[in-house]
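Have a look at entry_26.txt below; it lists compact mmCIF, C-alpha atoms.
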# COMPACT_ATOMS: atom_id res chain seq x y z
CA MET A 242 97.19 -27.05 -34.13
CA THR A 243 94.32 -24.65 -33.46
CA ALA A 244 91.46 -26.31 -31.64
CA ILE A 245 88.19 -26.47 -33.55
CA THR A 246 85.12 -25.25 -31.69
CA GLU A 247 81.91 -26.96 -32.70
CA THR A 248 78.80 -24.88 -33.23
CA VAL A 249 75.53 -25.39 -31.43
CA MET A 250 72.66 -24.20 -33.59
CA THR A 251 70.06 -22.24 -31.68
CA ASN A 252 67.59 -21.77 -34.53
CA ALA A 253 66.49 -24.65 -36.73
CA ASN A 254 65.35 -22.21 -39.41
CA CYS A 255 68.82 -20.69 -39.76
CA ASP A 256 71.92 -22.32 -41.19
CA PHE A 257 74.42 -19.78 -39.81
CA ASP A 258 77.65 -21.15 -38.33
CA PRO A 259 80.11 -18.65 -36.80
CA THR A 260 83.03 -21.08 -37.22
CA SER A 261 82.54 -21.18 -41.01
CA LYS A 262 84.03 -18.65 -43.40
CA SER A 263 81.80 -17.19 -46.10
CA LEU A 264 82.23 -18.62 -49.58
CA GLU A 265 83.39 -15.28 -50.97
CA ALA A 266 85.94 -14.77 -48.18
CA ALA A 267 87.23 -18.33 -48.56
CA GLN A 268 87.64 -17.87 -52.32
CA GLN A 269 89.56 -14.64 -51.84
CA ASP A 270 91.75 -16.03 -49.05
CA ILE A 271 92.75 -19.04 -51.13
CA LEU A 272 93.40 -16.93 -54.24
CA ALA A 273 95.54 -14.56 -52.16
CA ALA A 274 97.69 -17.50 -51.06
CA VAL A 275 98.28 -18.70 -54.62
CA GLU A 276 101.02 -17.35 -56.88
CA PRO A 277 101.15 -18.24 -60.61
CA ILE A 278 103.89 -20.60 -61.66
CA ALA A 279 106.88 -19.08 -63.45
CA ASN A 280 108.03 -22.03 -65.59
CA THR A 281 107.30 -21.90 -69.31
CA GLU A 282 107.81 -24.04 -72.39
CA THR A 283 107.57 -23.48 -76.14
CA ILE A 284 105.40 -26.00 -77.95
CA PRO A 285 103.89 -26.48 -81.45
CA LEU A 286 100.53 -24.80 -82.06
CA GLU A 287 98.95 -28.19 -82.67
CA GLN A 288 99.66 -29.13 -79.05
CA ALA A 289 98.67 -25.84 -77.44
CA ARG A 290 94.88 -26.15 -77.13
CA GLY A 291 93.89 -25.65 -73.49
CA ARG A 292 97.25 -24.22 -72.48
CA VAL A 293 97.85 -20.78 -70.93
CA LEU A 294 99.77 -18.10 -72.83
CA ALA A 295 102.92 -17.17 -70.92
CA LYS A 296 103.64 -13.74 -72.45
CA ALA A 297 101.56 -11.09 -74.16
CA LEU A 298 101.82 -11.30 -77.95
CA THR A 299 102.13 -8.44 -80.43
CA ALA A 300 101.40 -8.91 -84.13
CA ASP A 301 104.55 -8.75 -86.25
CA SER A 302 102.74 -8.57 -89.62
CA ASP A 303 99.48 -7.52 -91.24
CA VAL A 304 96.60 -9.92 -91.84
CA PRO A 305 95.73 -9.98 -94.67
CA PRO A 306 99.13 -8.99 -96.09
CA HIS A 307 97.55 -7.67 -99.30
CA PRO A 308 94.12 -6.26 -100.22
CA ASN A 309 91.78 -9.01 -101.36
CA SER A 310 88.23 -9.71 -102.37
CA ALA A 311 85.60 -10.63 -99.77
CA MET A 312 83.33 -12.10 -102.47
CA ASP A 313 83.30 -14.05 -105.68
CA GLY A 314 82.52 -11.32 -108.20
CA TYR A 315 84.01 -8.58 -110.34
CA ALA A 316 86.60 -5.94 -109.45
CA ILE A 317 85.90 -2.53 -111.00
CA ARG A 318 86.98 1.09 -110.99
CA LEU A 319 83.83 3.10 -110.22
CA ALA A 320 84.95 5.96 -112.46
CA ASP A 321 84.89 3.58 -115.46
CA LEU A 322 81.14 2.95 -115.26
CA THR A 323 79.22 4.85 -117.96
CA ASP A 324 75.48 5.16 -118.37
CA ALA A 325 75.48 1.71 -119.97
CA ARG A 326 77.09 0.36 -116.79
CA SER A 327 78.88 -2.33 -118.80
CA LEU A 328 82.58 -3.25 -118.95
CA PRO A 329 84.53 -5.93 -120.82
CA ILE A 330 86.12 -8.69 -118.70
CA PHE A 331 89.85 -8.81 -119.25
CA GLY A 332 90.86 -11.71 -116.98
CA THR A 333 90.48 -13.58 -113.68
CA ASN A 334 92.24 -13.47 -110.32
CA LEU A 335 92.07 -16.71 -108.31
CA ALA A 336 92.99 -17.01 -104.64
CA GLY A 337 96.46 -18.43 -104.17
CA PHE A 338 97.55 -18.12 -107.80
CA PRO A 339 99.62 -15.51 -109.67
CA ALA A 340 97.37 -12.49 -110.06
CA HIS A 341 96.81 -9.62 -112.43
CA THR A 342 98.34 -6.78 -110.41
CA ALA A 343 96.69 -3.82 -112.15
CA LEU A 344 93.21 -3.16 -113.46
CA PRO A 345 93.26 -1.63 -116.98
CA GLU A 346 91.03 1.38 -117.49
CA GLN A 347 87.55 0.78 -118.86
CA GLN A 348 87.68 -2.94 -118.01
CA CYS A 349 86.67 -5.23 -115.12
CA LEU A 350 88.28 -8.31 -113.61
CA ARG A 351 86.66 -11.58 -112.58
CA ILE A 352 87.86 -12.21 -108.98
CA MET A 353 87.38 -14.98 -106.44
CA THR A 354 87.09 -14.69 -102.64
CA GLY A 355 90.53 -14.16 -101.10
CA ALA A 356 92.21 -13.31 -104.40
CA VAL A 357 94.57 -10.31 -104.60
CA LEU A 358 92.79 -7.10 -105.52
CA PRO A 359 94.43 -5.41 -108.53
CA SER A 360 95.65 -1.86 -108.12
CA GLY A 361 93.18 0.69 -109.43
CA ALA A 362 90.11 -1.29 -108.36
CA ASP A 363 87.95 0.40 -105.72
CA ALA A 364 84.98 -1.98 -105.48
CA VAL A 365 84.05 -5.61 -105.90
CA VAL A 366 80.52 -6.45 -107.04
CA MET A 367 79.26 -9.90 -106.02
CA GLN A 368 78.60 -12.17 -108.97
CA GLU A 369 74.89 -12.59 -108.13
CA GLN A 370 74.38 -8.87 -108.87
CA VAL A 371 76.17 -8.90 -112.24
CA SER A 372 74.71 -9.83 -115.62
CA VAL A 373 77.25 -11.38 -117.99
CA ASN A 374 76.78 -11.64 -121.75
CA GLY A 375 79.76 -13.21 -123.47
CA ASN A 376 82.78 -11.22 -122.35
CA VAL A 377 80.83 -8.19 -121.11
CA ALA A 378 79.59 -7.64 -117.55
CA THR A 379 76.75 -5.26 -116.71
CA PHE A 380 76.59 -3.81 -113.19
CA PRO A 381 73.67 -2.57 -111.07
CA PRO A 382 73.37 0.97 -109.67
CA GLY A 383 74.21 1.80 -106.06
CA ILE A 384 77.75 0.41 -105.99
CA LYS A 385 79.82 1.98 -103.20
CA SER A 386 83.53 2.60 -103.05
CA GLY A 387 85.33 -0.06 -101.00
CA GLN A 388 82.50 -2.56 -100.96
CA ASN A 389 83.50 -6.22 -100.60
CA ILE A 390 87.19 -5.32 -100.29
CA ARG A 391 89.40 -6.44 -97.42
CA PRO A 392 92.25 -3.91 -97.09
CA ILE A 393 95.74 -4.73 -95.83
CA GLY A 394 95.54 -5.38 -92.06
CA ASP A 395 91.75 -5.60 -92.12
CA ASP A 396 91.91 -8.39 -89.51
CA ILE A 397 95.21 -7.70 -87.72
CA THR A 398 97.60 -4.77 -88.08
CA ALA A 399 101.33 -5.14 -87.50
CA GLY A 400 102.32 -3.86 -84.04
CA SER A 401 98.86 -4.30 -82.51
CA LYS A 402 98.37 -6.06 -79.17
CA LEU A 403 97.18 -9.51 -80.06
CA LEU A 404 96.67 -11.69 -76.97
CA PRO A 405 97.36 -10.91 -73.29
CA ALA A 406 99.40 -13.12 -70.99
CA GLY A 407 97.19 -15.55 -69.11
CA ARG A 408 94.87 -16.13 -72.06
CA LEU A 409 93.56 -19.67 -72.37
CA LEU A 410 94.38 -20.87 -75.87
CA GLY A 411 91.39 -22.27 -77.70
CA PRO A 412 90.61 -22.87 -81.38
CA ALA A 413 90.11 -19.14 -82.13
CA GLU A 414 93.37 -18.04 -80.47
CA LEU A 415 95.37 -20.79 -82.17
CA GLY A 416 93.83 -19.91 -85.52
CA VAL A 417 94.85 -16.26 -85.07
CA LEU A 418 98.42 -17.29 -84.28
CA ALA A 419 98.49 -19.52 -87.34
CA SER A 420 97.22 -16.65 -89.52
CA LEU A 421 100.39 -14.77 -88.54
CA GLY A 422 102.58 -17.68 -89.58
CA ARG A 423 103.42 -18.78 -86.05
CA GLU A 424 104.17 -22.47 -85.67
CA GLU A 425 105.07 -22.38 -81.98
CA VAL A 426 103.85 -20.59 -78.87
CA THR A 427 105.30 -20.10 -75.37
CA VAL A 428 102.95 -21.28 -72.63
CA ASN A 429 103.07 -21.85 -68.90
CA ARG A 430 103.97 -25.40 -68.03
CA ARG A 431 101.11 -27.65 -67.12
CA ILE A 432 100.62 -27.81 -63.34
CA ARG A 433 100.70 -31.24 -61.64
CA VAL A 434 97.96 -32.02 -59.15
CA GLY A 435 97.77 -35.21 -57.11
CA VAL A 436 94.50 -36.81 -55.96
CA PHE A 437 93.93 -39.37 -53.24
CA VAL A 438 90.84 -40.45 -51.35
CA THR A 439 90.43 -41.58 -47.76
CA GLY A 440 88.09 -44.14 -46.32
CA ASP A 441 88.15 -47.76 -45.21
CA GLU A 442 84.80 -48.25 -46.91
CA LEU A 443 86.06 -47.47 -50.42
CA GLN A 444 86.76 -50.09 -53.05
CA THR A 445 88.34 -49.60 -56.49
CA PRO A 446 85.90 -50.12 -59.38
CA GLY A 447 86.40 -53.53 -60.96
CA ASN A 448 86.92 -55.28 -57.64
CA LYS A 449 84.26 -57.10 -55.68
CA LEU A 450 82.63 -55.20 -52.84
CA ALA A 451 83.05 -56.58 -49.34
CA ALA A 452 80.44 -56.07 -46.66
CA GLY A 453 80.00 -52.37 -45.87
CA GLN A 454 82.03 -51.17 -48.87
CA ILE A 455 81.12 -48.80 -51.71
CA TYR A 456 82.94 -48.05 -54.93
CA ASP A 457 85.27 -45.05 -55.04
CA SER A 458 83.75 -42.52 -57.45
CA ASN A 459 85.31 -39.31 -56.09
CA ARG A 460 88.82 -40.09 -57.30
CA ILE A 461 87.63 -40.75 -60.87
CA SER A 462 85.46 -37.61 -60.90
CA LEU A 463 88.29 -35.41 -59.60
CA LEU A 464 90.88 -36.80 -62.01
CA ALA A 465 88.49 -35.99 -64.87
CA LEU A 466 87.80 -32.50 -63.48
CA LEU A 467 91.53 -31.84 -63.28
CA GLU A 468 92.07 -32.93 -66.87
CA SER A 469 89.22 -30.68 -68.05
CA SER A 470 90.82 -27.82 -66.08
CA GLY A 471 94.09 -28.14 -68.01
CA CYS A 472 96.06 -29.87 -65.25
CA GLU A 473 98.26 -32.94 -65.29
CA ALA A 474 96.36 -35.20 -62.91
CA VAL A 475 98.34 -37.65 -60.77
CA ASP A 476 96.46 -40.58 -59.22
CA LEU A 477 97.72 -41.17 -55.67
CA GLY A 478 95.18 -43.90 -54.91
CA ARG A 479 93.41 -44.53 -51.62
CA VAL A 480 94.55 -44.11 -48.03
CA PRO A 481 92.82 -45.89 -45.12
CA ASP A 482 91.42 -43.97 -42.18
CA SER A 483 94.75 -43.79 -40.36
CA LEU A 484 96.41 -40.64 -39.05
CA GLU A 485 99.86 -42.20 -39.34
CA GLU A 486 99.41 -43.28 -42.96
CA LEU A 487 97.95 -39.90 -43.91
CA ILE A 488 100.95 -38.11 -42.41
CA GLN A 489 103.35 -40.45 -44.21
CA LEU A 490 101.66 -39.87 -47.58
CA LEU A 491 101.58 -36.09 -47.17
CA GLN A 492 105.26 -36.07 -46.20
CA LEU A 493 106.08 -38.24 -49.22
CA VAL A 494 104.21 -36.14 -51.80
CA ALA A 495 105.59 -32.91 -50.34
CA ALA A 496 109.15 -34.20 -50.59
CA GLU A 497 109.25 -36.30 -53.72
CA ALA A 498 106.19 -36.13 -55.96
CA GLY A 499 106.97 -32.88 -57.80
CA LEU A 500 103.39 -31.68 -57.40
CA ASP A 501 101.97 -28.16 -57.32
CA ALA A 502 98.84 -29.13 -55.39
CA VAL A 503 97.25 -32.14 -53.78
CA ILE A 504 93.54 -32.84 -53.38
CA THR A 505 91.84 -35.36 -51.15
CA THR A 506 88.24 -36.21 -50.36
CA GLY A 507 86.81 -37.42 -47.08
CA GLY A 508 88.18 -37.25 -43.58
CA VAL A 509 87.73 -33.48 -43.13
CA SER A 510 84.58 -33.48 -41.00
CA VAL A 511 84.30 -34.13 -37.24
CA GLY A 512 83.84 -37.89 -37.17
CA GLU A 513 85.98 -40.24 -35.11
CA ALA A 514 87.83 -41.40 -38.26
CA ASP A 515 88.34 -37.93 -39.80
CA TYR A 516 92.09 -37.36 -39.59
CA VAL A 517 92.88 -35.14 -42.57
CA ARG A 518 92.96 -31.84 -40.69
CA ASP A 519 95.28 -33.24 -38.03
CA ALA A 520 97.56 -34.74 -40.71
CA VAL A 521 97.83 -31.44 -42.59
CA ALA A 522 98.53 -29.54 -39.38
CA ALA A 523 101.26 -32.06 -38.51
CA VAL A 524 103.02 -31.79 -41.87
CA GLY A 525 102.32 -28.18 -42.83
CA GLN A 526 99.81 -25.43 -42.02
CA LEU A 527 96.04 -25.71 -41.98
CA GLN A 528 94.83 -22.26 -43.02
CA LEU A 529 91.11 -22.69 -43.58
CA TRP A 530 88.46 -25.12 -42.42
CA ARG A 531 84.69 -25.01 -42.78
CA VAL A 532 83.11 -22.86 -45.46
CA ALA A 533 79.55 -21.58 -45.25
CA VAL A 534 78.41 -23.28 -48.45
CA LYS A 535 75.94 -26.04 -49.17
CA PRO A 536 76.83 -28.66 -50.14
CA GLY A 537 80.38 -28.73 -48.82
CA ARG A 538 80.80 -27.10 -45.40
CA PRO A 539 83.67 -29.40 -44.24
CA PHE A 540 86.27 -28.04 -46.68
CA ALA A 541 89.94 -27.51 -45.77
CA TYR A 542 92.81 -25.57 -47.33
CA GLY A 543 96.41 -25.54 -46.22
CA LEU A 544 100.04 -25.38 -47.27
CA LEU A 545 102.45 -28.29 -47.12
CA PRO A 546 106.25 -27.84 -47.32
CA ASP A 547 107.68 -26.17 -50.46
CA ASP A 548 104.42 -24.25 -51.05
CA LEU A 549 102.47 -27.36 -51.97
CA HIS A 550 98.80 -26.37 -51.89
CA PHE A 551 96.46 -28.76 -50.11
CA PHE A 552 92.70 -28.94 -50.69
CA GLY A 553 90.60 -31.20 -48.47
CA LEU A 554 87.17 -31.85 -50.00
CA PRO A 555 84.15 -33.44 -48.33
CA GLY A 556 83.55 -37.13 -48.92
CA ASN A 557 79.99 -36.84 -50.21
CA PRO A 558 80.27 -37.06 -54.01
CA VAL A 559 78.23 -33.98 -54.91
CA SER A 560 79.92 -31.94 -52.17
CA ALA A 561 83.32 -32.93 -53.55
CA VAL A 562 82.41 -31.80 -57.08
CA VAL A 563 80.77 -28.55 -55.99
CA THR A 564 83.62 -27.49 -53.67
CA PHE A 565 86.11 -28.34 -56.40
CA LEU A 566 84.27 -26.08 -58.84
CA LEU A 567 83.79 -23.21 -56.39
CA LEU A 568 87.02 -23.25 -54.37
CA VAL A 569 89.67 -25.42 -56.01
CA ARG A 570 89.22 -24.71 -59.71
CA PRO A 571 89.66 -20.90 -59.37
CA ALA A 572 92.86 -21.45 -57.37
CA LEU A 573 94.24 -23.89 -59.93
CA HIS A 574 93.48 -21.41 -62.71
CA LYS A 575 95.46 -18.73 -60.89
CA LEU A 576 98.27 -21.21 -60.27
CA GLN A 577 98.33 -21.84 -64.03
CA GLY A 578 98.66 -18.09 -64.61
CA ARG A 579 95.22 -18.03 -66.18
CA ALA A 580 93.09 -14.90 -66.13
CA GLY A 581 89.42 -14.89 -65.12
CA ASN A 582 89.37 -17.25 -62.17
CA ILE A 583 85.73 -17.15 -61.02
CA PRO A 584 83.06 -17.53 -63.73
CA PRO A 585 80.20 -15.01 -63.67
CA LEU A 586 76.63 -15.98 -62.85
CA LEU A 587 74.00 -15.87 -65.58
CA PRO A 588 70.51 -14.55 -64.71
CA ALA A 589 67.64 -17.01 -64.97
CA ILE A 590 64.00 -17.04 -63.90
CA ALA A 591 63.06 -19.66 -61.30
CA GLN A 592 60.18 -21.77 -62.61
CA THR A 593 59.36 -23.15 -59.18
CA SER A 594 59.90 -22.04 -55.60
CA LEU A 595 63.28 -22.93 -54.09
CA ARG A 596 63.62 -23.98 -50.46
CA LYS A 597 66.56 -22.53 -48.54
CA ARG A 598 67.51 -21.58 -45.01
CA PRO A 599 69.51 -18.35 -44.47
CA GLY A 600 73.03 -18.68 -43.14
CA ARG A 601 75.18 -20.11 -45.92
CA ALA A 602 75.40 -20.00 -49.69
CA ASP A 603 73.49 -22.79 -51.39
CA TYR A 604 74.36 -24.24 -54.80
CA GLN A 605 71.44 -26.36 -55.89
CA ARG A 606 71.51 -28.62 -58.91
CA GLY A 607 69.16 -27.36 -61.59
CA PHE A 608 68.13 -27.68 -65.20
CA TYR A 609 67.89 -24.56 -67.33
CA GLN A 610 66.68 -23.95 -70.84
CA GLN A 611 66.29 -21.01 -73.15
CA GLN A 612 62.84 -19.56 -73.72
CA VAL A 613 62.02 -17.33 -76.69
CA THR A 614 59.01 -15.02 -76.37
CA GLU A 615 57.77 -11.87 -78.07
CA SER A 616 59.52 -9.82 -75.36
CA GLY A 617 62.89 -11.48 -75.94
CA ILE A 618 65.06 -14.42 -74.90
CA SER A 619 65.42 -15.53 -71.28
CA LEU A 620 66.78 -18.47 -69.32
CA GLN A 621 64.34 -20.51 -67.25
CA VAL A 622 65.58 -22.80 -64.47
CA SER A 623 64.11 -25.43 -62.16
CA ALA A 624 65.81 -27.17 -59.25
CA LEU A 625 65.99 -30.94 -59.11
CA SER A 626 63.56 -32.38 -56.58
CA ASP A 627 66.25 -34.28 -54.61
CA GLN A 628 69.25 -32.20 -53.52
CA GLY A 629 70.94 -34.90 -51.41
CA SER A 630 74.72 -34.50 -51.47
CA GLY A 631 75.18 -38.25 -51.88
CA ARG A 632 73.21 -38.38 -55.15
CA LEU A 633 76.06 -38.22 -57.66
CA SER A 634 73.70 -39.25 -60.46
CA SER A 635 71.88 -35.92 -60.00
CA LEU A 636 74.84 -34.22 -61.70
CA THR A 637 73.95 -36.11 -64.86
CA GLU A 638 70.34 -34.94 -64.62
CA ALA A 639 71.27 -31.28 -64.05
CA ASN A 640 73.01 -28.86 -66.41
CA CYS A 641 73.74 -26.04 -63.97
CA LEU A 642 74.15 -24.98 -60.37
CA ILE A 643 71.64 -22.47 -58.98
CA ALA A 644 73.57 -20.00 -56.81
CA LEU A 645 71.68 -18.70 -53.78
CA SER A 646 73.45 -16.25 -51.47
CA ALA A 647 73.95 -16.85 -47.76
CA ASP A 648 71.44 -14.24 -46.58
CA GLU A 649 68.59 -15.49 -48.76
CA GLY A 650 65.71 -17.62 -47.52
CA ASP A 651 63.11 -19.39 -49.62
CA ILE A 652 62.92 -18.16 -53.22
CA SER A 653 59.51 -17.74 -54.85
CA ALA A 654 58.74 -18.85 -58.39
CA GLY A 655 59.31 -16.06 -60.90
CA SER A 656 62.31 -14.64 -59.04
CA VAL A 657 65.58 -13.99 -60.85
CA VAL A 658 68.43 -16.21 -59.65
CA GLY A 659 72.03 -16.69 -60.74
CA ILE A 660 73.13 -19.92 -62.40
CA LEU A 661 76.46 -21.50 -63.27
CA PRO A 662 76.02 -23.61 -66.43
CA PHE A 663 78.03 -26.81 -66.43
CA SER A 664 79.19 -25.90 -69.95
CA LEU A 665 81.28 -23.12 -68.34
CA LEU A 666 82.65 -25.37 -65.62
CA PHE A 667 83.39 -28.83 -67.02
Output the file's structure as structure tokens, nothing else.
Amino acid sequence: MTAITETVMTNANCDFDPTSKSLEAAQQDILAAVEPIANTETIPLEQARGRVLAKALTADSDVPPHPNSAMDGYAIRLADLTDARSLPIFGTNLAGFPAHTALPEQQCLRIMTGAVLPSGADAVVMQEQVSVNGNVATFPPGIKSGQNIRPIGDDITAGSKLLPAGRLLGPAELGVLASLGREEVTVNRRIRVGVFVTGDELQTPGNKLAAGQIYDSNRISLLALLESSGCEAVDLGRVPDSLEELIQLLQLVAAEAGLDAVITTGGVSVGEADYVRDAVAAVGQLQLWRVAVKPGRPFAYGLLPDDLHFFGLPGNPVSAVVTFLLLVRPALHKLQGRAGNIPPLLPAIAQTSLRKRPGRADYQRGFYQQQVTESGISLQVSALSDQGSGRLSSLTEANCLIALSADEGDISAGSVVGILPFSLLF
């Protein structure tokens, strides 16, 4: 195992640590070590929300398959309109029912939204613009050819590229597949990720706390984060602060658990009871330790036997969540075969000054809201007053992370900063 050299800070106003890897480099190194899974399965559309499309899809038919009306109104042939601009109504086409297939000359047809357009018709006039007296409809001037008509393939044309491989299937994608008559879709299998926590001080919620104990919140948070990330989460429980027991568990999950990745929290710092790095090095390969990010510097990544990815998160609750979002979630997305691994930052205007020391990236909890002014729409953000990494409740008070780069110092009010809304992460 490579010896870890501790850093002695020489400047209290700087947070630089030469033994830590930059956040961007750590993200890229981890992503480079991850290969998407190759196993697929075909499942019903109703079960495919949140799954990842395995193969690019091409449309095999037109949508709509026939020209239809985009409005409730009247189908006409523009050439039939005389100076009187009136035509007798010869019938009605309803959506989903047998339709009149041809429009007789010098007549109009009552037509409902989605109903088949009769041949010969070249415009549909919405009913609110038509005056009807008995069986005669009178039309306004200014009607244009093709108005309110959906031609064949107006939405999707046969042979067109529909969805790329790696696309996350949501309500819109599933609706598009259903519009083509698909009842099944081939997706990548769901990846299995195990979670365990370390620490003699941890107690399972529901049990009585002994002296010096706290309840284990990290395991519950991470299991929920995995579920929201489209993974099959496997609860591996708690392991005491014991190097031997950690090695035994890692050997067991690598050999028998059928996992794609394993995540743990705690035990990755430099305390006397922090054994996770040594355990990973004993069972597999520790490839990364310490990332220049706040909160979350003591983060570890490695590979266990059979390409089982290991992520060691800090024990502080906020640090565990933030490092999961920044470093683990992108890797799991790539493992799933999902495109777009790292979400983009949104620009926002800082409403107050933000304190920061240069040296490492800082992701502060913040609250943003939209502001509408005469000059346009902007996002305004303020940081929470207490940024302690042990304050898990602060994640319920915030709705975003404020991303400050490693080389930045204090940020003045009115500056533009990047934010990661929780709505894009959870």
**Distance query 12 Å from (83.2, -16.2, -62.0) using all atoms listed in the file, result as a VMD selection string** = chain A and resid 265 268 566 to 568 570 to 572 574 580 to 587 644 659 to 662 665 to 666
**Prompt:** What does the distance between atom CA of Leu294 of chain A and atom CA of Thr564 of chain A come to in Å, to one decimal place?
**Reply:**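 Separation of atom CA of Leu294 of chain A and atom CA of Thr564 of chain A: 26.8 Å.
Here atom CA of Ser510 of chain A stands at a distance of 26.4 Å from atom CA of Ala498 of chain A.
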Excluding segment 295-301 of chain A and any residue of its chain fewer than 3 positions from it, enumerate the residues within 8 Å of it, using only C-alpha atoms, and give them as a PDB file with C-alpha atoms, keeping the file's coordinate frame.
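Everything below was put into part38.pdb:
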ATOM      1  CA  THR A 281     107.300 -21.900 -69.310  1.00  0.00           C
ATOM      2  CA  ILE A 397      95.210  -7.700 -87.720  1.00  0.00           C
ATOM      3  CA  THR A 398      97.600  -4.770 -88.080  1.00  0.00           C
ATOM      4  CA  ALA A 399     101.330  -5.140 -87.500  1.00  0.00           C
ATOM      5  CA  GLY A 400     102.320  -3.860 -84.040  1.00  0.00           C
ATOM      6  CA  SER A 401      98.860  -4.300 -82.510  1.00  0.00           C
ATOM      7  CA  LYS A 402      98.370  -6.060 -79.170  1.00  0.00           C
ATOM      8  CA  LEU A 403      97.180  -9.510 -80.060  1.00  0.00           C
ATOM      9  CA  LEU A 404      96.670 -11.690 -76.970  1.00  0.00           C
ATOM     10  CA  PRO A 405      97.360 -10.910 -73.290  1.00  0.00           C
ATOM     11  CA  ALA A 406      99.400 -13.120 -70.990  1.00  0.00           C
ATOM     12  CA  GLY A 407      97.190 -15.550 -69.110  1.00  0.00           C
ATOM     13  CA  LEU A 421     100.390 -14.770 -88.540  1.00  0.00           C
ATOM     14  CA  THR A 427     105.300 -20.100 -75.370  1.00  0.00           C
ATOM     15  CA  VAL A 428     102.950 -21.280 -72.630  1.00  0.00           C
ATOM     16  CA  ASN A 429     103.070 -21.850 -68.900  1.00  0.00           C
ATOM     17  CA  GLY A 578      98.660 -18.090 -64.610  1.00  0.00           C
TER      18      GLY A 578
END
Enclose segment 338-344 of chain A, meaning all of its atoms listed in the file, in a box aligned along x, y and z, pad it by 5 Å on each side, and list the centre and edge lengths in Å to one decimal, as lines of an AutoDock Vina configuration file.
center_x = 96.4
center_y = -10.6
center_z = -110.6
size_x = 16.4
size_y = 25.0
size_z = 15.7
**Message:** Taking only C-alpha atoms into account, name the residue in A:Gly600, A:Gly394, A:Gly478, A:Gly453 that is nearest to Val304 of chain A.
**Reply:** A:Gly394
Near Val622 of chain A, counting all atoms listed in the file, which residues have an atom at most 9 Å away, once you skip same-chain residues fewer than 4 positions from it, shown as a PDB file with C-alpha atoms, in the frame of the given file?
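Output (part24.pdb):
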ATOM      1  CA  ALA A 589      67.640 -17.010 -64.970  1.00  0.00           C
ATOM      2  CA  ILE A 590      64.000 -17.040 -63.900  1.00  0.00           C
ATOM      3  CA  ALA A 591      63.060 -19.660 -61.300  1.00  0.00           C
ATOM      4  CA  GLN A 592      60.180 -21.770 -62.610  1.00  0.00           C
ATOM      5  CA  THR A 593      59.360 -23.150 -59.180  1.00  0.00           C
ATOM      6  CA  GLY A 607      69.160 -27.360 -61.590  1.00  0.00           C
ATOM      7  CA  PHE A 608      68.130 -27.680 -65.200  1.00  0.00           C
ATOM      8  CA  TYR A 609      67.890 -24.560 -67.330  1.00  0.00           C
ATOM      9  CA  GLN A 610      66.680 -23.950 -70.840  1.00  0.00           C
ATOM     10  CA  GLN A 611      66.290 -21.010 -73.150  1.00  0.00           C
ATOM     11  CA  CYS A 641      73.740 -26.040 -63.970  1.00  0.00           C
ATOM     12  CA  ILE A 643      71.640 -22.470 -58.980  1.00  0.00           C
ATOM     13  CA  VAL A 658      68.430 -16.210 -59.650  1.00  0.00           C
ATOM     14  CA  ILE A 660      73.130 -19.920 -62.400  1.00  0.00           C
TER      15      ILE A 660
END
**Asked** When distances are computed from all atoms listed in the file, which of A:Ile652, A:Val436, A:Ala267, A:Val562 shows the smallest separation from Leu500 of chain A?
**Response** A:Val436
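Proximity to segment 538-551 of chain A at 8 Å, evaluated using all atoms listed in the file and with sequence-adjacent residues fewer than 6 positions away removed, yields Ser261, Ile271, Leu491, Ala495, Ala496, Leu500, Asp501, Ala502, Val503, Ile504, Val509, Ser510, Arg518, Val521, Val524, Gly525, Gln526, Leu527, Gln528, Leu529, Trp530, Arg531, Val532 and Thr564 of chain A.
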**Request:** Would you list the contacts of Ser483 of chain A as a list in words, taking every protein, DNA or RNA residue within 9 Å and counting all atoms listed in the file, but skipping same-chain residues closer than 4 positions in sequence?
**Result:**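 These residues fall inside the cut-off: Thr439, Gly440, Leu487, Ile488, Ala514, Asp515 and Tyr516 of chain A.
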**Item:** Point-to-point distance from atom CA of Phe380 of chain A to atom CA of Ser327 of chain A, Å rounded to tenths
**Value:**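 Pair atom CA of Phe380 of chain A / atom CA of Ser327 of chain A returns 6.2 Å.
Distances to Arg431 of chain A were evaluated for A:Ala474, A:Val377, A:Ala413, A:Val563 using only C-alpha atoms, and the minimum falls at A:Ala474.
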**Request:** Just the residues within 12 Å of Arg326 of chain A, please, counting all atoms listed in the file, with nothing from its chain fewer than 5 positions along; format it as a PyMOL selection string.
**Result:** chain A and resi 317-321+347-349+371-373+377-384
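Distances to Leu576 of chain A were evaluated for A:Arg632, A:Lys385, A:Arg430, A:His341 using all atoms listed in the file, and the minimum falls at A:Arg430.
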**Item:** Selection as a ChimeraX atom specification: residues within 7 Å of (80.2, -5.3, -101.2), counting all atoms listed in the file
**Value:** /A:365-367,388-389
